[in-house]
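**Q** Sharing a structure with you now.
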Amino acid sequence: MKTLSIGWVYVLRVLREPASLFFFFVFPVAMVFIIGIQFGGEGGRLQMGISGDTSQSVTDGITANLAGNQALELVFYEDESEMLMAVERGLISAGVVFPPQLAARMALGQPVLIGFVSTASGWGPQLESTVRQAVAEVLIPYRAARLAVDILGVGFQQSFPLASEVTDQVVFTTVSLESVGESLFPPNMGRFDGGAASNLVLFMFLTALTGATAMVADRDMGLDTRIVSTPTSVPRLISGYVAGQFGITFFQGVYIMVLSLAIFGVGWSNLGGSVLLVMALSLAGAGAGMLLGSFRLAEAATIGIGVTAGLVLGALGGAMVPQELLPDTVQTVARFTPQGWAMLGFRDLQWGGSILDIADNLAVLAGMGVVLAGAASVSLRRTLARPS
């Protein structure tokens, strides 16, 4: 009971800081969105918008050609401005705009312009060649008739029927693609899934480390000395601190999971296993934070060391760049970091793993938390015994 009381007071003291509320609950979700937009996958199939006058036979042919591409998922918009906004926000990769009276202008042999919009980054620019190919295949008779008009000087009305008759004789060149080796990411991985998991791990551990400032504030006010002067041992005091920080970090992790699922549609594979990973990482982070807070350091130094250590360990553990892309030496080092074990656990779940598949990850993270909490207890006892 005393452990929970100490932990509850610790939670209230931390949450009274406005900056803590921002960095705990606003900043991580914003980073999930930003990183997902910049570097996220596209969730299996790339989404392409279609707008404009789609009630024409020629546009039906182009749309059917694009729909036959298994890598594309077409999204139809009645309002062109709505589609443009979706492209700007990264909700779709690109968009195609069909002009009005396209078929009528083609029948007269007039030039036609089909619009294509995308952002400068992502898959959008690469999709332009896909749209060009689809348009070229569907408009072969029109292009052949136009060529006859320009070169031979015949009328478009005479050349177009002949071009339409010989279209079936055109033989297209096909390219066979074969993927070799193992894929680094699951085929059904969503746009924000990778960024959500890495940011979850990164910010949870940063939160736990920077929470050490609450212990520093207690020491500056002499609260920890007065607490241990009562029938409260140092291990009991540390357990209270760990319980409080565990609660804050675990709540932040669940909060990020729920919000990223509701807003960005992040597919947390095996929700039960993901929650258990969050719980184990919270315990490891709380132990590390309390160990940092047990040292005789100023508040500014504690924050600086906590942020630096959190970022460095996050980078080594694969919370910034996937471990699969890191050198072998760094991947070995990642095995000694809580972030590394957490990211490996989330990777196993994303590949369809069960709770049994991440049992070793849970055990290692929980063991790290217990060992770090024990080290914090020994360190705090020495700190309190040392003259100020």
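Identifiers in the structure tokens: chain A, B, ... in order shown; residue index from 1 per chain; ligand index from 1 in order shown.
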So which residues touch Gln339 (chain A) within 6 Å, counting only C-alpha atoms, skipping near sequence neighbours fewer than 3 positions away, as a PyMOL selection string?
**A** chain A and resi 314+317+342-343
**Q** Which residue is closest to Ser377 (chain A)? Choose from A:Pro327, A:Gly240, A:Gly306, A:Gly247 and count only C-alpha atoms.
**A** A:Gly240
**Q** DSSP on the backbone, strand (DSSP E or B) only: what residues of region 110-330 of chain A does that give? Format it as a PyMOL selection string.
**A** chain A and resi 115-118
**Q** In terms of the shortest atom-to-atom distance over only C-alpha atoms, which of A:Leu108, A:Leu237, A:Leu66, A:Leu102 is closest to Arg381 (chain A)?
**A**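 Under the stated criterion, the closest residue is A:Leu237.
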**Q** Please provide as a list in words all residues within 7 Å of Ser269 (chain A), with the sequence filter that same-chain residues fewer than 5 positions apart are discarded (counting only C-alpha atoms).
**A** Leu349, Gln350 and Gly352 of chain A
**Q** Using Å and a single decimal, report how far CA of Val275 (chain A) sits from CA of Leu202 (chain A).
**A**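 CA of Val275 (chain A) lies 15.7 Å from CA of Leu202 (chain A).
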**Q** Which residues are near Gly244 (chain A)? Cut-off 12 Å, only C-alpha atoms, ignore same chain within fewer than 5 positions. Put them as a ChimeraX atom specification.
**A** /A:2-15,208,211-212,214-215,237-239,249-251,282-283,285-287,289-290
**Q** Write out the residues from the selection above, keeping N, CA and C atoms, as a tab-separated table (two decimals), in the first residue's frame.
**A**
```tsv
chain	number	residue	atom	x	y	z
A	2	LYS	N	1.94	1.21	0.81
A	2	LYS	CA	2.83	2.37	0.88
A	2	LYS	C	3.51	2.60	-0.47
A	3	THR	N	3.85	1.51	-1.17
A	3	THR	CA	4.46	1.64	-2.50
A	3	THR	C	3.52	2.37	-3.45
A	4	LEU	N	2.24	2.00	-3.44
A	4	LEU	CA	1.27	2.65	-4.32
A	4	LEU	C	1.07	4.11	-3.95
A	5	SER	N	1.09	4.41	-2.65
A	5	SER	CA	0.93	5.80	-2.22
A	5	SER	C	2.08	6.66	-2.71
A	6	ILE	N	3.30	6.16	-2.57
A	6	ILE	CA	4.47	6.90	-3.06
A	6	ILE	C	4.38	7.08	-4.58
A	7	GLY	N	3.97	6.02	-5.26
A	7	GLY	CA	3.85	6.09	-6.71
A	7	GLY	C	2.80	7.07	-7.15
A	8	TRP	N	1.66	7.13	-6.45
A	8	TRP	CA	0.59	8.05	-6.82
A	8	TRP	C	1.03	9.50	-6.64
A	9	VAL	N	1.69	9.80	-5.54
A	9	VAL	CA	2.21	11.16	-5.32
A	9	VAL	C	3.22	11.52	-6.40
A	10	TYR	N	4.05	10.56	-6.79
A	10	TYR	CA	5.03	10.79	-7.85
A	10	TYR	C	4.32	11.13	-9.17
A	11	VAL	N	3.26	10.40	-9.49
A	11	VAL	CA	2.51	10.67	-10.72
A	11	VAL	C	1.92	12.07	-10.71
A	12	LEU	N	1.30	12.45	-9.61
A	12	LEU	CA	0.69	13.78	-9.53
A	12	LEU	C	1.73	14.88	-9.68
A	13	ARG	N	2.89	14.69	-9.09
A	13	ARG	CA	3.93	15.71	-9.16
A	13	ARG	C	4.45	15.87	-10.60
A	14	VAL	N	4.60	14.76	-11.31
A	14	VAL	CA	5.10	14.83	-12.68
A	14	VAL	C	4.08	15.47	-13.61
A	15	LEU	N	2.82	15.11	-13.43
A	15	LEU	CA	1.79	15.59	-14.36
A	15	LEU	C	1.38	17.03	-14.09
A	208	ALA	N	10.46	7.82	-19.58
A	208	ALA	CA	10.92	7.18	-18.34
A	208	ALA	C	12.22	7.79	-17.84
A	211	GLY	N	11.73	11.33	-16.54
A	211	GLY	CA	10.98	11.33	-15.29
A	211	GLY	C	11.86	11.29	-14.07
A	212	ALA	N	13.15	11.05	-14.25
A	212	ALA	CA	14.08	11.04	-13.12
A	212	ALA	C	14.18	12.39	-12.45
A	214	ALA	N	11.90	14.09	-11.22
A	214	ALA	CA	11.05	14.11	-10.03
A	214	ALA	C	11.82	13.62	-8.81
A	215	MET	N	12.68	12.63	-8.99
A	215	MET	CA	13.52	12.17	-7.87
A	215	MET	C	14.51	13.24	-7.47
A	237	LEU	N	11.00	2.77	-1.07
A	237	LEU	CA	10.91	4.08	-1.71
A	237	LEU	C	11.14	3.96	-3.22
A	238	ILE	N	12.15	3.20	-3.59
A	238	ILE	CA	12.44	3.00	-5.02
A	238	ILE	C	11.28	2.29	-5.70
A	239	SER	N	10.70	1.31	-5.02
A	239	SER	CA	9.57	0.59	-5.62
A	239	SER	C	8.40	1.53	-5.87
A	249	THR	N	4.52	5.85	-17.88
A	249	THR	CA	5.05	5.35	-19.15
A	249	THR	C	4.09	4.39	-19.81
A	250	PHE	N	3.49	3.49	-19.02
A	250	PHE	CA	2.55	2.53	-19.58
A	250	PHE	C	1.31	3.24	-20.13
A	251	PHE	N	0.82	4.24	-19.41
A	251	PHE	CA	-0.34	4.99	-19.89
A	251	PHE	C	-0.01	5.71	-21.19
A	282	SER	N	7.79	-0.53	-20.24
A	282	SER	CA	7.54	0.46	-19.20
A	282	SER	C	8.30	0.12	-17.93
A	283	LEU	N	8.33	-1.16	-17.58
A	283	LEU	CA	9.08	-1.58	-16.38
A	283	LEU	C	10.57	-1.35	-16.57
A	285	GLY	N	12.00	0.82	-18.62
A	285	GLY	CA	12.23	2.26	-18.65
A	285	GLY	C	12.15	2.88	-17.26
A	286	ALA	N	11.18	2.43	-16.46
A	286	ALA	CA	11.04	2.97	-15.11
A	286	ALA	C	12.28	2.64	-14.27
A	287	GLY	N	12.79	1.43	-14.39
A	287	GLY	CA	14.01	1.08	-13.66
A	287	GLY	C	15.19	1.91	-14.09
A	289	GLY	N	15.06	4.94	-15.49
A	289	GLY	CA	14.85	6.31	-15.05
A	289	GLY	C	15.16	6.51	-13.58
A	290	MET	N	14.76	5.56	-12.76
A	290	MET	CA	15.03	5.69	-11.33
A	290	MET	C	16.52	5.52	-11.01
```
**Q** Do a neighbour search on Ser274 (chain A) at 12 Å with only C-alpha atoms, toss out local chain neighbours closer than 4 positions, and write the hits as a ChimeraX atom specification.
**A** /A:196-197,200-201,250,253-254,256-258,267-270,278-281,342-350,352-355,357-359,361-362
**Q** Pick out the closest residue to Arg132 (chain A) from this set: A:Val75, A:Ser159, A:Ala144, A:Val96. Count only C-alpha atoms.
**A**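 Selected residue with least distance to Arg132 (chain A): A:Val96.
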**Q** Determine, counting only C-alpha atoms, which protein, DNA and RNA residues have an atom within 10 Å of an atom of Glu128 (chain A); residues of the same chain fewer than 2 positions away are not included. Present the result as a ChimeraX atom specification.
**A** /A:94-96,116-118,123-126,130-134
**Q** Work out how far CA of Met368 (chain A) is from CA of Pro338 (chain A), in Å to one decimal.
**A** 7.5 Å
**Q** So how many Å separate CA of Ala298 (chain A) and CA of Ala366 (chain A), to one decimal?
**A**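 We find that CA of Ala298 (chain A) and CA of Ala366 (chain A) lie 28.7 Å from each other.
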**Q** Skip Thr337 (chain A) itself and residues of its chain fewer than 3 positions away, then list as a compact mmCIF listing (two decimals) with all heavy atoms, in the first residue's frame all residues within 8 Å of it, counting only C-alpha atoms.
**A**
```
# COMPACT_ATOMS: atom_id res chain seq x y z
N LEU A 313 20.41 5.27 -27.22
CA LEU A 313 19.94 3.89 -27.08
C LEU A 313 18.84 3.58 -28.10
O LEU A 313 18.74 2.46 -28.61
CB LEU A 313 19.43 3.65 -25.66
CG LEU A 313 20.49 3.65 -24.56
CD1 LEU A 313 19.83 3.55 -23.19
CD2 LEU A 313 21.47 2.51 -24.76
N LEU A 316 20.59 2.96 -31.42
CA LEU A 316 21.25 1.65 -31.42
C LEU A 316 20.25 0.51 -31.42
O LEU A 316 20.51 -0.56 -31.98
CB LEU A 316 22.18 1.54 -30.20
CG LEU A 316 23.39 2.48 -30.17
CD1 LEU A 316 24.13 2.34 -28.84
CD2 LEU A 316 24.33 2.20 -31.33
N GLY A 317 19.08 0.73 -30.78
CA GLY A 317 18.09 -0.33 -30.67
C GLY A 317 17.15 -0.45 -31.84
O GLY A 317 16.27 -1.33 -31.84
N VAL A 333 24.92 -4.90 -30.74
CA VAL A 333 24.80 -3.97 -29.62
C VAL A 333 23.34 -3.79 -29.22
O VAL A 333 23.02 -3.62 -28.04
CB VAL A 333 25.45 -2.62 -29.99
CG1 VAL A 333 25.22 -1.59 -28.89
CG2 VAL A 333 26.95 -2.80 -30.24
N ALA A 334 22.43 -3.81 -30.21
CA ALA A 334 21.01 -3.62 -29.94
C ALA A 334 20.47 -4.66 -28.97
O ALA A 334 19.48 -4.41 -28.26
CB ALA A 334 20.22 -3.65 -31.24
N GLY A 340 16.09 -2.32 -28.30
CA GLY A 340 16.35 -3.38 -29.25
C GLY A 340 15.43 -4.57 -29.06
O GLY A 340 14.86 -5.10 -30.03
N TRP A 341 15.24 -4.99 -27.81
CA TRP A 341 14.37 -6.13 -27.54
C TRP A 341 12.91 -5.78 -27.81
O TRP A 341 12.14 -6.63 -28.29
CB TRP A 341 14.55 -6.59 -26.10
CG TRP A 341 15.80 -7.38 -25.90
CD1 TRP A 341 17.01 -6.90 -25.45
CD2 TRP A 341 16.00 -8.76 -26.18
NE1 TRP A 341 17.94 -7.91 -25.44
CE2 TRP A 341 17.35 -9.07 -25.87
CE3 TRP A 341 15.18 -9.79 -26.65
CZ2 TRP A 341 17.88 -10.34 -26.02
CZ3 TRP A 341 15.70 -11.06 -26.80
CH2 TRP A 341 17.03 -11.34 -26.49
```
